[in-house]
file run_6.cif (mmCIF, C-alpha atoms and all ligand atoms)
data_start
loop_
_atom_site.label_atom_id
_atom_site.label_comp_id
_atom_site.auth_asym_id
_atom_site.auth_seq_id
_atom_site.Cartn_x
_atom_site.Cartn_y
_atom_site.Cartn_z
CA MET A 1 -27.61 -7.67 8.96
CA ASN A 2 -24.03 -8.94 9.13
CA ASN A 3 -24.31 -10.58 5.72
CA LYS A 4 -21.10 -10.69 3.77
CA ILE A 5 -20.09 -11.73 0.29
CA LYS A 6 -16.57 -12.79 -0.63
CA ILE A 7 -15.29 -11.14 -3.80
CA LEU A 8 -11.98 -12.66 -4.92
CA GLY A 9 -11.41 -13.71 -1.32
CA VAL A 10 -12.21 -10.27 0.14
CA PRO A 11 -15.17 -10.21 2.54
CA VAL A 12 -17.50 -7.30 1.75
CA ASP A 13 -20.46 -6.33 3.93
CA MET A 14 -23.77 -6.38 2.09
CA VAL A 15 -24.82 -3.03 3.46
CA ASN A 16 -26.61 -0.04 1.99
CA TYR A 17 -25.93 3.50 3.24
CA ASP A 18 -28.46 3.35 6.06
CA GLU A 19 -27.26 -0.01 7.35
CA ALA A 20 -23.64 1.13 7.18
CA MET A 21 -24.61 4.20 9.23
CA GLU A 22 -26.39 2.06 11.84
CA ARG A 23 -23.19 0.05 12.24
CA PHE A 24 -21.17 3.25 12.51
CA LYS A 25 -23.41 4.51 15.33
CA GLU A 26 -22.79 1.24 17.19
CA PHE A 27 -19.03 1.65 16.74
CA ILE A 28 -19.21 5.12 18.27
CA ARG A 29 -21.07 3.72 21.30
CA GLU A 30 -18.75 0.76 21.80
CA ASP A 31 -15.28 0.60 23.35
CA GLY A 32 -12.20 0.02 21.20
CA VAL A 33 -11.37 1.15 17.68
CA SER A 34 -13.56 -0.22 14.89
CA LEU A 35 -11.83 -0.26 11.53
CA ILE A 36 -13.86 0.66 8.46
CA VAL A 37 -12.38 -0.07 5.03
CA THR A 38 -13.79 1.08 1.71
CA PRO A 39 -12.38 -1.16 -1.02
CA ASN A 40 -12.92 -0.63 -4.73
CA SER A 41 -11.99 -3.22 -7.35
CA GLU A 42 -8.37 -2.04 -7.44
CA ILE A 43 -7.98 -2.59 -3.70
CA VAL A 44 -9.64 -6.02 -3.93
CA VAL A 45 -7.14 -7.06 -6.62
CA ASN A 46 -4.27 -5.63 -4.55
CA ALA A 47 -5.42 -7.52 -1.46
CA GLY A 48 -5.00 -10.76 -3.45
CA LYS A 49 -1.33 -9.88 -3.89
CA ASN A 50 -0.68 -8.29 -0.51
CA PRO A 51 -1.29 -10.59 2.49
CA GLU A 52 -0.91 -7.68 4.94
CA LEU A 53 -3.68 -5.74 3.24
CA MET A 54 -5.88 -8.86 3.08
CA ASP A 55 -5.27 -9.38 6.80
CA ALA A 56 -6.23 -5.76 7.55
CA ILE A 57 -9.47 -6.13 5.58
CA ASN A 58 -10.23 -9.42 7.31
CA GLN A 59 -9.79 -7.73 10.68
CA ALA A 60 -11.97 -4.74 9.79
CA GLU A 61 -15.31 -4.37 11.56
CA MET A 62 -16.94 -3.11 8.38
CA VAL A 63 -16.00 -3.45 4.71
CA ILE A 64 -18.01 -1.09 2.53
CA PRO A 65 -18.55 -1.73 -1.19
CA ASP A 66 -16.99 1.42 -2.63
CA GLY A 67 -16.72 0.94 -6.35
CA ILE A 68 -19.10 0.08 -9.14
CA GLY A 69 -16.90 -2.92 -9.96
CA LEU A 70 -17.91 -4.56 -6.68
CA VAL A 71 -21.60 -4.06 -7.46
CA TYR A 72 -21.15 -5.68 -10.89
CA ALA A 73 -19.10 -8.48 -9.33
CA SER A 74 -21.83 -9.19 -6.77
CA LYS A 75 -24.32 -9.56 -9.63
CA ILE A 76 -22.02 -11.97 -11.46
CA LEU A 77 -21.69 -13.90 -8.20
CA LYS A 78 -25.50 -13.94 -7.86
CA HIS A 79 -25.47 -12.21 -4.46
CA PRO A 80 -26.27 -8.70 -5.64
CA LEU A 81 -25.29 -5.80 -3.44
CA GLU A 82 -28.19 -3.39 -3.04
CA GLU A 83 -26.17 -0.31 -3.89
CA ARG A 84 -22.69 1.08 -4.09
CA VAL A 85 -21.71 2.84 -0.86
CA THR A 86 -18.92 5.21 -1.80
CA GLY A 87 -16.29 5.90 0.81
CA ILE A 88 -16.48 9.65 0.30
CA ASP A 89 -20.27 9.85 0.63
CA PHE A 90 -20.31 7.52 3.61
CA PHE A 91 -17.57 9.60 5.21
CA GLY A 92 -19.73 12.72 4.64
CA ARG A 93 -22.63 11.02 6.41
CA THR A 94 -20.45 10.08 9.38
CA LEU A 95 -19.37 13.73 9.68
CA GLU A 96 -22.99 14.85 9.58
CA TYR A 97 -23.89 12.36 12.30
CA LEU A 98 -20.95 13.43 14.47
CA SER A 99 -21.87 17.09 14.02
CA GLN A 100 -25.38 16.37 15.29
CA ASN A 101 -24.13 14.37 18.25
CA ALA A 102 -21.32 16.51 19.63
CA GLY A 103 -18.77 14.23 17.98
CA SER A 104 -15.24 14.84 16.77
CA VAL A 105 -12.94 13.81 13.95
CA PHE A 106 -9.17 13.83 13.49
CA LEU A 107 -8.00 14.32 9.91
CA PHE A 108 -4.72 12.58 9.16
CA GLY A 109 -3.21 12.48 5.69
CA SER A 110 -2.74 14.21 2.33
CA LYS A 111 -0.25 16.93 1.49
CA PRO A 112 0.58 19.74 3.96
CA GLY A 113 -2.29 22.22 4.26
CA ILE A 114 -4.92 19.95 2.71
CA ALA A 115 -6.34 18.55 5.96
CA ASP A 116 -6.67 22.10 7.37
CA LYS A 117 -8.49 23.30 4.26
CA ALA A 118 -10.73 20.23 4.38
CA ALA A 119 -11.40 20.96 8.07
CA GLU A 120 -12.52 24.51 7.23
CA LYS A 121 -14.94 23.24 4.59
CA MET A 122 -16.27 20.61 6.96
CA LYS A 123 -16.89 23.22 9.67
CA GLU A 124 -18.74 25.39 7.14
CA LYS A 125 -20.98 22.51 6.16
CA TYR A 126 -21.32 20.95 9.63
CA PRO A 127 -20.89 23.72 12.24
CA GLY A 128 -21.53 21.31 15.12
CA LEU A 129 -18.56 19.13 14.18
CA THR A 130 -15.43 19.25 16.33
CA ILE A 131 -12.17 18.93 14.42
CA ALA A 132 -10.03 17.31 17.10
CA GLY A 133 -6.84 17.76 15.07
CA THR A 134 -5.18 17.59 11.67
CA ARG A 135 -1.85 16.27 10.44
CA ASN A 136 -0.43 15.85 6.95
CA GLY A 137 0.32 12.36 5.68
CA TYR A 138 4.02 12.69 4.87
CA PHE A 139 6.16 11.41 7.71
CA LYS A 140 9.16 9.24 8.52
CA PRO A 141 8.73 5.97 10.40
CA GLU A 142 10.43 7.50 13.46
CA GLU A 143 7.70 10.17 13.62
CA GLU A 144 4.89 7.66 14.00
CA GLU A 145 5.09 7.55 17.78
CA GLU A 146 4.69 11.34 17.96
CA ILE A 147 1.75 11.17 15.54
CA LEU A 148 0.11 8.53 17.69
CA ASN A 149 0.53 10.73 20.78
CA GLU A 150 -1.01 13.65 18.91
CA ILE A 151 -4.06 11.62 17.91
CA ASN A 152 -4.47 10.14 21.37
CA ALA A 153 -4.24 13.54 23.05
CA ALA A 154 -7.05 14.71 20.73
CA SER A 155 -9.05 11.53 21.44
CA PRO A 156 -11.43 11.83 18.45
CA ASP A 157 -14.55 9.76 17.90
CA LEU A 158 -13.53 9.20 14.30
CA PHE A 159 -9.95 8.86 13.12
CA CYS A 160 -9.89 9.62 9.41
CA VAL A 161 -6.80 8.33 7.58
CA ALA A 162 -6.08 9.62 4.09
CA LEU A 163 -2.78 7.97 3.17
CA GLY A 164 -4.03 5.94 0.21
CA SER A 165 -4.34 2.16 0.27
CA PRO A 166 -2.73 0.03 1.70
CA LYS A 167 -0.81 2.58 3.80
CA GLN A 168 -3.92 3.82 5.60
CA GLU A 169 -5.25 0.36 6.50
CA LEU A 170 -1.83 -0.84 7.66
CA PHE A 171 -1.28 2.25 9.80
CA VAL A 172 -4.55 1.68 11.67
CA LEU A 173 -3.93 -2.02 12.11
CA LYS A 174 -0.41 -1.42 13.43
CA TYR A 175 -1.60 0.98 16.12
CA ARG A 176 -5.16 -0.16 16.65
CA ASP A 177 -4.58 -1.46 20.22
CA ARG A 178 -3.02 1.85 21.26
CA LEU A 179 -5.34 4.23 19.43
CA ASN A 180 -7.67 6.42 21.42
CA ALA A 181 -10.63 6.64 19.00
CA LYS A 182 -13.94 4.88 18.47
CA ALA A 183 -13.68 4.27 14.76
CA ALA A 184 -11.05 4.63 12.05
CA ILE A 185 -11.74 4.95 8.37
CA GLY A 186 -9.40 4.96 5.36
CA VAL A 187 -10.59 7.61 2.93
CA GLY A 188 -7.92 7.71 0.18
CA GLY A 189 -8.05 11.04 -1.63
CA SER A 190 -11.24 12.31 0.08
CA LEU A 191 -9.49 15.16 1.92
CA ASP A 192 -8.18 16.43 -1.44
CA VAL A 193 -11.80 16.58 -2.59
CA TRP A 194 -13.06 18.17 0.64
CA SER A 195 -10.31 20.81 0.47
CA GLY A 196 -11.39 21.77 -3.05
CA GLU A 197 -7.99 20.79 -4.54
CA LEU A 198 -9.41 17.83 -6.43
CA LYS A 199 -12.70 17.95 -8.30
CA ARG A 200 -15.11 15.09 -7.90
CA ALA A 201 -16.55 13.64 -11.08
CA PRO A 202 -19.71 15.45 -12.24
CA GLU A 203 -23.09 13.92 -11.46
CA PHE A 204 -23.37 12.22 -14.88
CA TYR A 205 -20.18 10.20 -14.38
CA ARG A 206 -21.09 9.34 -10.79
CA LYS A 207 -24.59 8.19 -11.70
CA HIS A 208 -23.32 5.87 -14.38
CA GLY A 209 -20.40 4.47 -12.42
CA LEU A 210 -17.94 6.20 -14.74
CA GLU A 211 -15.74 8.02 -12.21
CA TRP A 212 -12.80 5.97 -13.46
CA LEU A 213 -13.29 7.51 -16.93
CA TYR A 214 -13.49 11.03 -15.50
CA ARG A 215 -10.34 10.44 -13.47
CA PHE A 216 -8.59 9.08 -16.53
CA ILE A 217 -9.47 12.24 -18.48
CA GLN A 218 -8.14 14.37 -15.59
CA GLU A 219 -5.01 12.33 -14.94
CA PRO A 220 -4.13 10.19 -18.00
CA SER A 221 -0.98 9.04 -16.18
CA ARG A 222 -3.24 6.85 -14.04
CA TYR A 223 -3.95 4.63 -17.06
CA LYS A 224 -2.20 1.64 -15.49
CA ARG A 225 -4.46 1.87 -12.47
CA MET A 226 -7.50 2.09 -14.77
CA ALA A 227 -6.62 -1.29 -16.27
CA ALA A 228 -7.46 -2.79 -12.88
CA LEU A 229 -11.24 -2.63 -13.50
CA PRO A 230 -11.51 -4.85 -16.60
CA LEU A 231 -8.90 -7.17 -15.12
CA PHE A 232 -10.92 -7.37 -11.94
CA MET A 233 -14.15 -8.21 -13.84
CA LEU A 234 -12.38 -10.99 -15.73
CA LYS A 235 -11.02 -12.42 -12.50
CA VAL A 236 -14.50 -12.44 -10.98
CA VAL A 237 -16.01 -14.15 -14.04
CA PHE A 238 -13.43 -16.93 -13.79
CA SER A 239 -13.31 -17.15 -9.97
CA ASP A 240 -14.41 -20.13 -7.92
CA LYS A 241 -18.11 -19.40 -7.29
CA SER A 242 -18.30 -21.87 -4.39
CA GLN A 243 -16.22 -19.53 -2.21
CA ILE A 244 -18.48 -16.52 -2.06
CA GLU A 245 -20.32 -16.91 1.23
CA CYS A 246 -18.52 -16.00 4.43
N1 LIG A 301 -0.83 10.33 0.75
C1 LIG A 301 -0.28 10.66 1.98
N2 LIG A 301 0.91 10.13 2.32
C2 LIG A 301 1.61 9.28 1.51
C3 LIG A 301 1.03 8.93 0.26
C4 LIG A 301 -0.20 9.47 -0.09
O1 LIG A 301 -0.86 11.41 2.76
O2 LIG A 301 2.68 8.84 1.89
C5 LIG A 301 -2.11 10.92 0.38
C6 LIG A 301 -2.13 11.67 -0.92
O3 LIG A 301 -1.69 13.01 -0.72
C7 LIG A 301 -3.61 11.60 -1.29
C8 LIG A 301 -4.03 10.25 -0.70
O4 LIG A 301 -3.02 9.88 0.22
O5 LIG A 301 -4.32 12.61 -0.64
C9 LIG A 301 -4.14 9.12 -1.71
O6 LIG A 301 -4.99 9.45 -2.69
P1 LIG A 301 -5.42 8.44 -3.82
O7 LIG A 301 -6.50 9.09 -4.56
O8 LIG A 301 -4.23 7.92 -4.54
O9 LIG A 301 -6.02 7.29 -2.92
P2 LIG A 301 -6.53 5.88 -3.36
O10 LIG A 301 -6.91 5.99 -4.82
O11 LIG A 301 -5.34 4.99 -3.11
O12 LIG A 301 -7.66 5.64 -2.44
#

call {"tool": "encode", "arguments": {"input": "run_6.cif", "output": "C-alpha cells"}}
result
Amino acid sequence: MNNKIKILGVPVDMVNYDEAMERFKEFIREDGVSLIVTPNSEIVVNAGKNPELMDAINQAEMVIPDGIGLVYASKILKHPLEERVTGIDFFGRTLEYLSQNAGSVFLFGSKPGIADKAAEKMKEKYPGLTIAGTRNGYFKPEEEEEILNEINAASPDLFCVALGSPKQELFVLKYRDRLNAKAAIGVGGSLDVWSGELKRAPEFYRKHGLEWLYRFIQEPSRYKRMAALPLFMLKVVFSDKSQIEC
C-alpha cells in the first residue's frame, strides 16, 4: 500500500482516493504531525529547482497525485497511477470524515476574510465539523510565532495551509516539531474556491483534465505558469527511466 513512483525525482504515492483516506485516518490516530502534499506538474518541476521544496516533499508522510500531468507521466513511466486524486476533492473528503468523527480543522491562508467565508460554507455542508480557528495568509516573519501559538491553542486535528506552493510546505516543515495538530495539508487556492470567490472549472473541464485551460481562460496572465505542463511532459519523456521506483 505504500507504493511510490518517482516522477522527475519527486516521490508520489500510488494511491487512489480511498487509499489516501485510509492513510489520513491513520494520521489522525497517530501522534505527531503528518504532512500531506498535493503536487501537480508545476510543483514537481519547481521541486527540481528548489531543494527546500524537494526536501519538504521527501519528508511528507503522503504525496498525493494532484494533476492530470502526473497521471500521464505515470503512464509514460509504465507505472500507471490508478486515478488523479485532486487536492481540493481529497481535502473535501477529509472535512467530511472529520465532521463525522467529532474532528476539527484550522484554516490558515488566503486573503483576509476568505478563510472565514470558507469556514461558513464548510459548516453549512458539514455541520458536525469544528472550525478550530482561521487566519489569513498575509503576515510578516516576526508574526509567525504568534500564528504558531494561535494554531497550537486551537489544537486542530487537521491544519490546512493555503499559502500556495512552496510557502505552505515550507511553513509546515519549519514548525512541524512544534505544531499541535495531527495532520497538515497544503491546499493552494482551495479556500478561495470554498469561499465562493473563485469558481472551480465546470465538470466538462474537470472530467477531461482541462482545468489548466479553464484557468487560462479566466486568468490569461497565468500563461507562463501554463507553459509548465508541456515542459513537464517533455522532461518526463526524456527522463532517466531507471530512477522511477522508490
Ligand atoms: N497566499 C497567501 N499568502 C501569500 C501568498 C498567497 O495566503 O503570501 C494565498 C493566496 O491568497 C491564494 C493561495 O495562497 O489563496 C495560492 O493560490 P494559488 O492558486 O496560486 O495556489 P497554487 O496554484 O500555488 O497551489

call {"tool": "closest_residue", "arguments": {"input": "run_6.cif", "among": "A:Arg215, A:Arg176, A:Lys6, A:Lys123", "to": "Leu35 (chain A)", "atoms": "all atoms listed in the file"}}
result
A:Arg176

call {"tool": "atom_distance", "arguments": {"input": "run_6.cif", "atom1": "CA of Tyr214 (chain A)", "atom2": "CA of Val15 (chain A)"}}
result
26.2 Å

call {"tool": "residues_near_ligand", "arguments": {"input": "run_6.cif", "ligand": "ligand LIG 301 (chain A)", "cutoff": "10 Å", "atoms": "all atoms listed in the file", "output": "PyMOL selection string"}}
result
chain A and resi 38-40+42-43+87+108-112+114-115+135-140+161-168+186-193+197-198+215+222+225

call {"tool": "residues_around", "arguments": {"input": "run_6.cif", "residues": "Asp116 (chain A)", "least_positions_apart": "3", "cutoff": "8 Å", "atoms": "all atoms listed in the file", "output": "ChimeraX atom specification"}}
result
/A:113,119-120,134,195

call {"tool": "closest_residue", "arguments": {"input": "run_6.cif", "among": "A:Lys4, A:Lys75, A:Lys235, A:Lys199", "to": "Gly48 (chain A)", "atoms": "all atoms listed in the file"}}
result
A:Lys235

call {"tool": "atom_distance", "arguments": {"input": "run_6.cif", "atom1": "CA of Leu210 (chain A)", "atom2": "CA of Arg93 (chain A)"}}
result
22.2 Å

call {"tool": "closest_residue", "arguments": {"input": "run_6.cif", "among": "A:Phe238, A:Tyr72, A:Trp194, A:Phe106", "to": "Leu8 (chain A)", "atoms": "all atoms listed in the file"}}
result
A:Phe238

call {"tool": "closest_residue", "arguments": {"input": "run_6.cif", "among": "A:Gly196, A:Gly32, A:Pro51, A:Pro220", "to": "Val10 (chain A)", "atoms": "only C-alpha atoms"}}
result
A:Pro51

call {"tool": "residues_around", "arguments": {"input": "run_6.cif", "residues": "Asp13 (chain A)", "least_positions_apart": "2", "cutoff": "7 Å", "atoms": "only C-alpha atoms", "output": "list in words"}}
result
Asn2, Asn3, Lys4, Ile5, Pro11, Val15, Met62, Val63 and Ile64 of chain A

call {"tool": "write_last_selection", "arguments": {"input": "run_6.cif", "atoms": "C-alpha atoms", "output": "JSON list (two decimals), in the coordinates of the input"}}
result
[["chain", "number", "residue", "atom", "x", "y", "z"],
["A", 2, "ASN", "CA", -24.03, -8.94, 9.13],
["A", 3, "ASN", "CA", -24.31, -10.58, 5.72],
["A", 4, "LYS", "CA", -21.10, -10.69, 3.77],
["A", 5, "ILE", "CA", -20.09, -11.73, 0.29],
["A", 11, "PRO", "CA", -15.17, -10.21, 2.54],
["A", 15, "VAL", "CA", -24.82, -3.03, 3.46],
["A", 62, "MET", "CA", -16.94, -3.11, 8.38],
["A", 63, "VAL", "CA", -16.00, -3.45, 4.71],
["A", 64, "ILE", "CA", -18.01, -1.09, 2.53]]

call {"tool": "atom_distance", "arguments": {"input": "run_6.cif", "atom1": "CA of Ala183 (chain A)", "atom2": "CA of Leu148 (chain A)"}}
result
14.7 Å

call {"tool": "closest_residue", "arguments": {"input": "run_6.cif", "among": "A:Glu169, A:Glu30, A:Glu144, A:Asp157", "to": "Asp55 (chain A)", "atoms": "all atoms listed in the file"}}
result
A:Glu169

call {"tool": "closest_residue", "arguments": {"input": "run_6.cif", "among": "A:Met54, A:Leu77, A:Ile185, A:Val105", "to": "Thr130 (chain A)", "atoms": "only C-alpha atoms"}}
result
A:Val105

call {"tool": "axis_aligned_box", "arguments": {"input": "run_6.cif", "around": "region 187-202 of chain A", "padding_each_side": "6 Å", "output": "lines of an AutoDock Vina configuration file"}}
result
center_x = -13.8
center_y = 14.7
center_z = -4.7
size_x = 23.8
size_y = 26.2
size_z = 27.2

call {"tool": "residues_around", "arguments": {"input": "run_6.cif", "residues": "Glu211 (chain A)", "least_positions_apart": "3", "cutoff": "10 Å", "atoms": "only C-alpha atoms", "output": "ChimeraX atom specification"}}
result
/A:67-68,200-208,214-217

call {"tool": "residues_around", "arguments": {"input": "run_6.cif", "residues": "Met14 (chain A)", "least_positions_apart": "4", "cutoff": "12 Å", "atoms": "all atoms listed in the file", "output": "VMD selection string"}}
result
chain A and resid 1 to 7 18 to 20 62 to 66 70 to 71 74 79 to 85 245 to 246

call {"tool": "residues_around", "arguments": {"input": "run_6.cif", "residues": "Leu129 (chain A)", "least_positions_apart": "5", "cutoff": "9 Å", "atoms": "only C-alpha atoms", "output": "PDB file with C-alpha atoms, in the coordinates of the input"}}
result
ATOM      1  CA  LEU A  95     -19.370  13.730   9.680  1.00  0.00           C
ATOM      2  CA  GLU A  96     -22.990  14.850   9.580  1.00  0.00           C
ATOM      3  CA  TYR A  97     -23.890  12.360  12.300  1.00  0.00           C
ATOM      4  CA  LEU A  98     -20.950  13.430  14.470  1.00  0.00           C
ATOM      5  CA  SER A  99     -21.870  17.090  14.020  1.00  0.00           C
ATOM      6  CA  GLN A 100     -25.380  16.370  15.290  1.00  0.00           C
ATOM      7  CA  ASN A 101     -24.130  14.370  18.250  1.00  0.00           C
ATOM      8  CA  ALA A 102     -21.320  16.510  19.630  1.00  0.00           C
ATOM      9  CA  GLY A 103     -18.770  14.230  17.980  1.00  0.00           C
ATOM     10  CA  SER A 104     -15.240  14.840  16.770  1.00  0.00           C
ATOM     11  CA  VAL A 105     -12.940  13.810  13.950  1.00  0.00           C
ATOM     12  CA  MET A 122     -16.270  20.610   6.960  1.00  0.00           C
ATOM     13  CA  LYS A 123     -16.890  23.220   9.670  1.00  0.00           C
TER      14      LYS A 123
END

call {"tool": "decode", "arguments": {"input": "run_6.cif", "residues": "region 46-56 of chain A", "atoms": "all heavy atoms", "output": "PDB file, in the first residue's frame"}}
result
ATOM      1  N   ASN A  46       9.014  22.607 -10.150  1.00  0.00           N
ATOM      2  CA  ASN A  46       9.612  23.554  -9.193  1.00  0.00           C
ATOM      3  C   ASN A  46      10.491  22.850  -8.168  1.00  0.00           C
ATOM      4  O   ASN A  46      11.525  23.383  -7.769  1.00  0.00           O
ATOM      5  CB  ASN A  46       8.522  24.351  -8.457  1.00  0.00           C
ATOM      6  CG  ASN A  46       7.869  25.365  -9.370  1.00  0.00           C
ATOM      7  OD1 ASN A  46       8.413  25.684 -10.430  1.00  0.00           O
ATOM      8  ND2 ASN A  46       6.710  25.862  -8.989  1.00  0.00           N
ATOM      9  N   ALA A  47      10.076  21.657  -7.748  1.00  0.00           N
ATOM     10  CA  ALA A  47      10.853  20.926  -6.744  1.00  0.00           C
ATOM     11  C   ALA A  47      12.243  20.590  -7.287  1.00  0.00           C
ATOM     12  O   ALA A  47      13.228  20.557  -6.543  1.00  0.00           O
ATOM     13  CB  ALA A  47      10.117  19.648  -6.331  1.00  0.00           C
ATOM     14  N   GLY A  48      12.332  20.376  -8.608  1.00  0.00           N
ATOM     15  CA  GLY A  48      13.620  20.098  -9.236  1.00  0.00           C
ATOM     16  C   GLY A  48      14.561  21.288  -9.168  1.00  0.00           C
ATOM     17  O   GLY A  48      15.781  21.148  -9.257  1.00  0.00           O
ATOM     18  N   LYS A  49      13.979  22.474  -8.982  1.00  0.00           N
ATOM     19  CA  LYS A  49      14.810  23.687  -8.944  1.00  0.00           C
ATOM     20  C   LYS A  49      14.957  24.230  -7.528  1.00  0.00           C
ATOM     21  O   LYS A  49      15.710  25.147  -7.296  1.00  0.00           O
ATOM     22  CB  LYS A  49      14.140  24.788  -9.802  1.00  0.00           C
ATOM     23  CG  LYS A  49      13.988  24.417 -11.258  1.00  0.00           C
ATOM     24  CD  LYS A  49      13.390  25.599 -12.026  1.00  0.00           C
ATOM     25  CE  LYS A  49      12.157  25.190 -12.772  1.00  0.00           C
ATOM     26  NZ  LYS A  49      11.306  26.240 -13.234  1.00  0.00           N
ATOM     27  N   ASN A  50      14.144  23.720  -6.618  1.00  0.00           N
ATOM     28  CA  ASN A  50      14.118  24.258  -5.262  1.00  0.00           C
ATOM     29  C   ASN A  50      14.366  23.133  -4.243  1.00  0.00           C
ATOM     30  O   ASN A  50      13.459  22.388  -3.888  1.00  0.00           O
ATOM     31  CB  ASN A  50      12.746  24.912  -5.027  1.00  0.00           C
ATOM     32  CG  ASN A  50      12.607  25.530  -3.645  1.00  0.00           C
ATOM     33  OD1 ASN A  50      13.370  25.206  -2.730  1.00  0.00           O
ATOM     34  ND2 ASN A  50      11.646  26.417  -3.494  1.00  0.00           N
ATOM     35  N   PRO A  51      15.633  22.997  -3.793  1.00  0.00           N
ATOM     36  CA  PRO A  51      15.980  21.890  -2.895  1.00  0.00           C
ATOM     37  C   PRO A  51      15.157  21.877  -1.601  1.00  0.00           C
ATOM     38  O   PRO A  51      14.861  20.808  -1.066  1.00  0.00           O
ATOM     39  CB  PRO A  51      17.462  22.113  -2.577  1.00  0.00           C
ATOM     40  CG  PRO A  51      17.964  23.090  -3.580  1.00  0.00           C
ATOM     41  CD  PRO A  51      16.786  23.866  -4.091  1.00  0.00           C
ATOM     42  N   GLU A  52      14.752  23.056  -1.135  1.00  0.00           N
ATOM     43  CA  GLU A  52      13.960  23.112   0.108  1.00  0.00           C
ATOM     44  C   GLU A  52      12.586  22.472  -0.100  1.00  0.00           C
ATOM     45  O   GLU A  52      12.086  21.740   0.756  1.00  0.00           O
ATOM     46  CB  GLU A  52      13.756  24.566   0.536  1.00  0.00           C
ATOM     47  CG  GLU A  52      14.911  25.139   1.304  1.00  0.00           C
ATOM     48  CD  GLU A  52      14.544  26.511   1.853  1.00  0.00           C
ATOM     49  OE1 GLU A  52      14.045  27.351   1.074  1.00  0.00           O
ATOM     50  OE2 GLU A  52      14.730  26.724   3.047  1.00  0.00           O
ATOM     51  N   LEU A  53      11.994  22.772  -1.268  1.00  0.00           N
ATOM     52  CA  LEU A  53      10.691  22.186  -1.580  1.00  0.00           C
ATOM     53  C   LEU A  53      10.833  20.676  -1.758  1.00  0.00           C
ATOM     54  O   LEU A  53      10.016  19.893  -1.257  1.00  0.00           O
ATOM     55  CB  LEU A  53      10.104  22.836  -2.847  1.00  0.00           C
ATOM     56  CG  LEU A  53       8.790  22.243  -3.360  1.00  0.00           C
ATOM     57  CD1 LEU A  53       7.677  22.331  -2.315  1.00  0.00           C
ATOM     58  CD2 LEU A  53       8.336  22.957  -4.646  1.00  0.00           C
ATOM     59  N   MET A  54      11.891  20.258  -2.466  1.00  0.00           N
ATOM     60  CA  MET A  54      12.125  18.817  -2.670  1.00  0.00           C
ATOM     61  C   MET A  54      12.275  18.121  -1.313  1.00  0.00           C
ATOM     62  O   MET A  54      11.733  17.042  -1.091  1.00  0.00           O
ATOM     63  CB  MET A  54      13.380  18.621  -3.523  1.00  0.00           C
ATOM     64  CG  MET A  54      13.654  17.185  -3.898  1.00  0.00           C
ATOM     65  SD  MET A  54      12.408  16.494  -5.012  1.00  0.00           S
ATOM     66  CE  MET A  54      13.233  16.693  -6.585  1.00  0.00           C
ATOM     67  N   ASP A  55      12.999  18.765  -0.409  1.00  0.00           N
ATOM     68  CA  ASP A  55      13.212  18.201   0.920  1.00  0.00           C
ATOM     69  C   ASP A  55      11.873  18.060   1.656  1.00  0.00           C
ATOM     70  O   ASP A  55      11.595  17.038   2.277  1.00  0.00           O
ATOM     71  CB  ASP A  55      14.165  19.129   1.687  1.00  0.00           C
ATOM     72  CG  ASP A  55      14.496  18.587   3.050  1.00  0.00           C
ATOM     73  OD1 ASP A  55      14.736  17.372   3.134  1.00  0.00           O
ATOM     74  OD2 ASP A  55      14.498  19.365   4.032  1.00  0.00           O
ATOM     75  N   ALA A  56      11.037  19.101   1.547  1.00  0.00           N
ATOM     76  CA  ALA A  56       9.722  19.057   2.211  1.00  0.00           C
ATOM     77  C   ALA A  56       8.898  17.900   1.662  1.00  0.00           C
ATOM     78  O   ALA A  56       8.266  17.147   2.413  1.00  0.00           O
ATOM     79  CB  ALA A  56       8.978  20.381   2.011  1.00  0.00           C
TER      80      ALA A  56
END
